[in-house]
Amino acid sequence: QLSLTTATTIMASKAAAAAAAAGRYGKLWGRGHETFSPAARRILSVKGKGATTYLQGLVTCDLLAEPPRPREEYDVEAVAAKVTAAAAAAASENKENDGSEGNGGDSSDAMEPVVPVNFTSKMRSACFLDHRGRIVTDALLWKRPVGAGDDDDIIEPPIDANKEVEYLIDVPGDAADTLLSHLKKYKLRRSRVKISDRSGDVSVHAVYGTLNAEGTPPGYVAAIDPRHPSLGMRVLSTGGDTSDEKGNNDAHEK
């Protein structure tokens, strides 16, 4: 039977390994998922040539640069070394106490693989400001080129500010109308940018307890929340509304 010290050491090392398994950002929340109603989250669209330049004057982030990663909380290499040392010490003590080879399962269970967190430039967090520099609301900005499929919508820097793109703005439901009026207020009459509310055909979801946002099916886009991985994977159900998908369907029919 393991001593109290050994058991405590193993438990501590497992906790440290769990933190390391979440990458450099600490322990994830428990597994689960959530679908937001339009009252909770709404989707506004800013689309067209010059959309990036138009939005750049209204938000706090640099839309032409790679989104910053969240602040790291853990030194994964240090945690991994600590876990390995603690597991080895626990196994050695257990072996000395019972004169056997020890419970290798307990020590091996203390080590968990370090999972990398992959952020992309297709979603970023931002705040919208008014003309006095005061915050109108916070939001998540999804960016995709017009006419691209859901699996090919990542735009890597350097980004062309004049490229025709669409921003899907994931915004709190109680601030959506205010933001929509704010966006229309600063749209120039000759601008090619189109502003609309797409809450009726695009829905917002979150999946917790995962670091994998790859391999989404057609009609969906997904990314790890850029604010912090514990906030989960954000998912938009777009219904496969892009012209690229239509083109692919026509090609298949031919």
# chains A, B, ... in the order shown; residues from 1 in each chain; ligands from 1
>>> residues_around(residues="Asp197 of chain A", least_positions_apart="6", cutoff="8 Å", atoms="only C-alpha atoms", output="list in words")
Arg42, Ile43, Leu44, Ser45 and Leu180 of chain A
>>> write_last_selection(atoms="C-alpha atoms", output="mmCIF file, in the first residue's frame")
data_model
loop_
_atom_site.group_PDB
_atom_site.id
_atom_site.type_symbol
_atom_site.label_atom_id
_atom_site.label_comp_id
_atom_site.auth_asym_id
_atom_site.auth_seq_id
_atom_site.Cartn_x
_atom_site.Cartn_y
_atom_site.Cartn_z
ATOM 1 C CA ARG A 42 -26.066 37.322 -32.470
ATOM 2 C CA ILE A 43 -24.116 37.377 -35.711
ATOM 3 C CA LEU A 44 -23.618 40.572 -37.680
ATOM 4 C CA SER A 45 -21.947 40.597 -41.087
ATOM 5 C CA LEU A 180 -25.519 47.413 -35.798
#
>>> residues_around(residues="Arg198 of chain A", least_positions_apart="4", cutoff="12 Å", atoms="only C-alpha atoms", output="ChimeraX atom specification")
/A:38,41-47,166-171,176,180,194,202-204,236-239,241
>>> residues_around(residues="Phe119 of chain A", least_positions_apart="6", cutoff="9 Å", atoms="only C-alpha atoms", output="MDAnalysis selection string")
chainID A and resid 67 69 223:226
>>> write_last_selection(atoms="N, CA and C atoms", output="compact mmCIF listing (two decimals), in the first residue's frame")
# COMPACT_ATOMS: atom_id res chain seq x y z
N PRO A 67 -3.36 37.58 -34.86
CA PRO A 67 -3.95 37.82 -33.53
C PRO A 67 -2.99 37.39 -32.43
N ARG A 69 -1.66 35.68 -29.04
CA ARG A 69 -2.07 34.50 -28.28
C ARG A 69 -2.36 34.92 -26.84
N ALA A 223 -12.96 27.21 -34.23
CA ALA A 223 -11.64 27.66 -33.80
C ALA A 223 -11.62 27.70 -32.28
N ILE A 224 -10.43 27.48 -31.70
CA ILE A 224 -10.28 27.61 -30.26
C ILE A 224 -10.45 29.07 -29.88
N ASP A 225 -11.20 29.31 -28.81
CA ASP A 225 -11.47 30.68 -28.39
C ASP A 225 -10.15 31.44 -28.18
N PRO A 226 -9.96 32.55 -28.88
CA PRO A 226 -8.68 33.28 -28.80
C PRO A 226 -8.45 33.98 -27.47
>>> closest_residue(among="A:Ala175, A:Val59, A:Ala51, A:Ala40", to="Lys163 of chain A", atoms="only C-alpha atoms")
A:Ala51
>>> select_by_dssp(residues="segment 112-217 of chain A", states="strand (DSSP E)", output="ChimeraX atom specification")
/A:123-129,135-145,164-172,194-197,203-208
>>> closest_residue(among="A:Leu183, A:Val221, A:Ala85, A:Ile195", to="Val235 of chain A", atoms="only C-alpha atoms")
A:Val221
>>> atom_distance(atom1="atom CA of Arg192 of chain A", atom2="atom CA of His131 of chain A")
22.2 Å
